[in-house]
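What follows is a short report on a single structure.
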Amino acid sequence: QVQLVESGGGLVQPGGSLRLSCAVSGSIFTIDTMAWYRQAPGKEREMVARLFHGGSTNYTDSVKGRFTITKDAANRAMYLQMDSLKREDTAVYFCNTVSFRGISNWGQGTQVTVSS
């Protein structure tokens with residue numbers, strides 16, 4: 001089992017930046033992919049950024065060029081650097097891991113609000 005705890009959310013003005021962190025503990029050796037998702041009010045949860053075991057990444061189109069997903073070498077933390085934030089980025093952000101056996105784990109979420 002993998003445990004995930006997000007931090008770093010908050011209120012930021014449009015055009016600003018935030019860095020989300022996700023502390024990872026438990027069976028880290030089982031992790032295949034790591035990802036950030038978000039869910040805005042009244043909308044379905046969507047994948048924002050994903051980091052594969054081999055190091056490749058993919059992003060949803062709306063954040064390409066603005067967000068960057070990274071992790072530490074030990075798989076004990078992952079990050080989401082968010083730049084040029086827009087009001088439509090407002091959501092609860094969740095970190096997620098999927099094991100080599102397909103088991104998915106979620107954090108509790110952290111609120112990001114982009115508003116002037």
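FYI, nothing fancy with the structure tokens labels: chains A, B, ... in order, residues from 1 per chain, ligands from 1 as they appear.
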
Segment 7-23 of chain A environment, 10 Å, only C-alpha atoms, sequence neighbours closer than 5 positions dropped, as an mmCIF file with C-alpha atoms, in the first residue's frame:
data_model
loop_
_atom_site.group_PDB
_atom_site.id
_atom_site.type_symbol
_atom_site.label_atom_id
_atom_site.label_comp_id
_atom_site.auth_asym_id
_atom_site.auth_seq_id
_atom_site.Cartn_x
_atom_site.Cartn_y
_atom_site.Cartn_z
ATOM 1 C CA TRP A 36 -1.603 14.711 -10.618
ATOM 2 C CA ARG A 66 2.624 25.938 -17.917
ATOM 3 C CA PHE A 67 2.780 22.949 -15.548
ATOM 4 C CA THR A 68 5.690 20.609 -14.853
ATOM 5 C CA ILE A 69 5.576 17.286 -13.006
ATOM 6 C CA THR A 70 8.699 16.021 -11.278
ATOM 7 C CA LYS A 71 9.671 13.599 -8.541
ATOM 8 C CA ASN A 75 10.050 8.104 -5.289
ATOM 9 C CA ARG A 76 9.310 9.628 -1.880
ATOM 10 C CA ALA A 77 7.933 12.881 -3.252
ATOM 11 C CA MET A 78 6.378 14.249 -6.390
ATOM 12 C CA TYR A 79 5.775 17.848 -7.347
ATOM 13 C CA LEU A 80 3.643 19.917 -9.664
ATOM 14 C CA GLN A 81 5.067 23.300 -10.592
ATOM 15 C CA MET A 82 2.224 25.462 -11.857
ATOM 16 C CA ASP A 83 3.047 28.712 -13.644
ATOM 17 C CA SER A 84 0.931 31.274 -15.467
ATOM 18 C CA LEU A 85 -2.092 30.131 -13.511
ATOM 19 C CA LYS A 86 -5.550 30.846 -14.869
ATOM 20 C CA ARG A 87 -8.917 31.040 -13.161
ATOM 21 C CA GLU A 88 -9.914 27.821 -14.869
ATOM 22 C CA ASP A 89 -7.110 26.027 -13.018
ATOM 23 C CA THR A 90 -9.123 26.397 -9.815
ATOM 24 C CA ALA A 91 -9.788 22.913 -8.468
ATOM 25 C CA VAL A 92 -8.910 20.376 -5.833
ATOM 26 C CA TYR A 93 -5.665 18.731 -6.889
ATOM 27 C CA PHE A 94 -4.942 15.090 -6.066
ATOM 28 C CA CYS A 95 -1.780 13.072 -6.373
ATOM 29 C CA ASN A 96 -2.059 9.509 -7.592
ATOM 30 C CA GLY A 107 -4.123 11.503 -1.655
ATOM 31 C CA GLN A 108 -6.781 13.542 0.128
ATOM 32 C CA GLY A 109 -6.438 16.547 -2.174
ATOM 33 C CA THR A 110 -5.357 20.158 -1.824
ATOM 34 C CA GLN A 111 -7.376 23.184 -2.905
ATOM 35 C CA VAL A 112 -5.966 25.574 -5.505
ATOM 36 C CA THR A 113 -7.904 28.780 -6.064
ATOM 37 C CA VAL A 114 -6.896 31.237 -8.775
ATOM 38 C CA SER A 115 -8.623 34.547 -8.209
ATOM 39 C CA SER A 116 -7.926 38.248 -8.002
#

Quick one: residues within 10 Å of Gly55 of chain A, only C-alpha atoms counted, chain neighbours fewer than 2 positions away excluded, as an MDAnalysis selection string?
chainID A and resid 33 50:53 57 70:71

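Residues in contact with Val2 of chain A at 10 Å, where only C-alpha atoms are counted and same-chain residues fewer than 4 positions away are skipped, are listed as Val24, Ser25, Gly26, Ser27, Ile28, Phe29, Thr30, Ile31, Asn96, Thr97, Val98, Ser99, Ile103, Ser104, Asn105, Trp106 and Gly107 of chain A.
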
Output N, CA, C and O atoms for every residue in that selection, as a CSV table (one decimal), in the first residue's frame.
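Once everything was written out, this is selection.csv:
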chain,number,residue,atom,x,y,z
A,24,VAL,N,5.2,10.8,-0.4
A,24,VAL,CA,4.9,9.4,-0.8
A,24,VAL,C,5.5,8.4,0.3
A,24,VAL,O,6.7,8.6,0.6
A,25,SER,N,4.7,7.5,0.8
A,25,SER,CA,5.3,6.6,1.8
A,25,SER,C,4.7,5.2,1.5
A,25,SER,O,3.7,5.1,0.8
A,26,GLY,N,5.2,4.2,2.2
A,26,GLY,CA,4.7,2.9,2.1
A,26,GLY,C,5.5,2.1,1.0
A,26,GLY,O,6.7,2.2,1.0
A,27,SER,N,4.8,1.3,0.2
A,27,SER,CA,5.4,0.4,-0.7
A,27,SER,C,5.9,1.1,-2.0
A,27,SER,O,5.4,0.9,-3.1
A,28,ILE,N,6.8,2.0,-1.9
A,28,ILE,CA,7.2,2.9,-3.0
A,28,ILE,C,7.8,2.1,-4.1
A,28,ILE,O,7.8,2.5,-5.3
A,29,PHE,N,8.4,0.9,-3.8
A,29,PHE,CA,9.0,0.1,-4.8
A,29,PHE,C,8.0,-0.5,-5.8
A,29,PHE,O,8.4,-1.0,-6.9
A,30,THR,N,6.7,-0.4,-5.5
A,30,THR,CA,5.7,-1.0,-6.4
A,30,THR,C,5.2,0.0,-7.4
A,30,THR,O,4.4,-0.3,-8.3
A,31,ILE,N,5.6,1.3,-7.3
A,31,ILE,CA,5.1,2.4,-8.1
A,31,ILE,C,5.5,2.3,-9.5
A,31,ILE,O,6.7,2.2,-9.8
A,96,ASN,N,-1.6,10.9,-7.3
A,96,ASN,CA,-2.1,9.5,-7.6
A,96,ASN,C,-0.8,8.7,-8.0
A,96,ASN,O,0.1,9.2,-8.7
A,97,THR,N,-0.8,7.4,-7.5
A,97,THR,CA,0.2,6.5,-8.0
A,97,THR,C,-0.6,5.2,-8.5
A,97,THR,O,-1.6,4.9,-7.9
A,98,VAL,N,0.0,4.6,-9.4
A,98,VAL,CA,-0.5,3.3,-9.9
A,98,VAL,C,0.7,2.3,-9.8
A,98,VAL,O,1.8,2.6,-10.3
A,99,SER,N,0.4,1.2,-9.2
A,99,SER,CA,1.5,0.2,-9.1
A,99,SER,C,1.6,-0.6,-10.4
A,99,SER,O,0.8,-0.6,-11.3
A,103,ILE,N,-2.7,-1.2,-9.2
A,103,ILE,CA,-3.4,-0.7,-8.0
A,103,ILE,C,-3.2,0.8,-7.9
A,103,ILE,O,-2.1,1.3,-7.9
A,104,SER,N,-4.3,1.5,-7.7
A,104,SER,CA,-4.3,3.0,-7.7
A,104,SER,C,-4.4,3.5,-6.3
A,104,SER,O,-5.3,3.0,-5.5
A,105,ASN,N,-3.6,4.5,-5.9
A,105,ASN,CA,-3.8,5.1,-4.6
A,105,ASN,C,-3.9,6.6,-4.8
A,105,ASN,O,-3.3,7.2,-5.7
A,106,TRP,N,-4.6,7.2,-3.9
A,106,TRP,CA,-4.9,8.7,-4.0
A,106,TRP,C,-4.6,9.4,-2.7
A,106,TRP,O,-4.8,8.8,-1.6
A,107,GLY,N,-4.2,10.6,-2.8
A,107,GLY,CA,-4.1,11.5,-1.7
A,107,GLY,C,-5.5,12.1,-1.3
A,107,GLY,O,-6.5,11.9,-2.0

Which of segment 5-115 of chain A end up as helix (DSSP H, G or I) when DSSP is run on this backbone - answer as a list of chain:residue names?
A:Ile28, A:Phe29, A:Thr30, A:Asp61, A:Ser62, A:Val63, A:Arg87, A:Glu88, A:Asp89

Mind listing the strand (DSSP E) residues of chain A, per DSSP on the backbone, as a ChimeraX atom specification?
/A:2-7,10-12,18-26,31-39,46-51,57-59,67-71,77-82,91-99,104-106,110-114

Within 6 Å of Ala49 of chain A, counting only C-alpha atoms, which residues show up once you throw out same-chain ones fewer than 6 positions away? Write them as number ranges by chain, please.
A: 35-36, 58-59

Write the residues of the selection above to a file with N, CA and C atoms, as a CSV table (one decimal), in the first residue's frame.
chain,number,residue,atom,x,y,z
A,35,ALA,N,1.1,10.6,-10.8
A,35,ALA,CA,0.3,11.6,-11.6
A,35,ALA,C,-0.4,12.6,-10.7
A,36,TRP,N,-0.8,13.7,-11.3
A,36,TRP,CA,-1.6,14.7,-10.6
A,36,TRP,C,-2.9,14.8,-11.4
A,58,ASN,N,3.3,13.1,-19.7
A,58,ASN,CA,2.3,13.6,-20.5
A,58,ASN,C,1.4,14.6,-19.7
A,59,TYR,N,0.8,15.5,-20.4
A,59,TYR,CA,0.0,16.6,-19.8
A,59,TYR,C,-1.3,16.7,-20.6
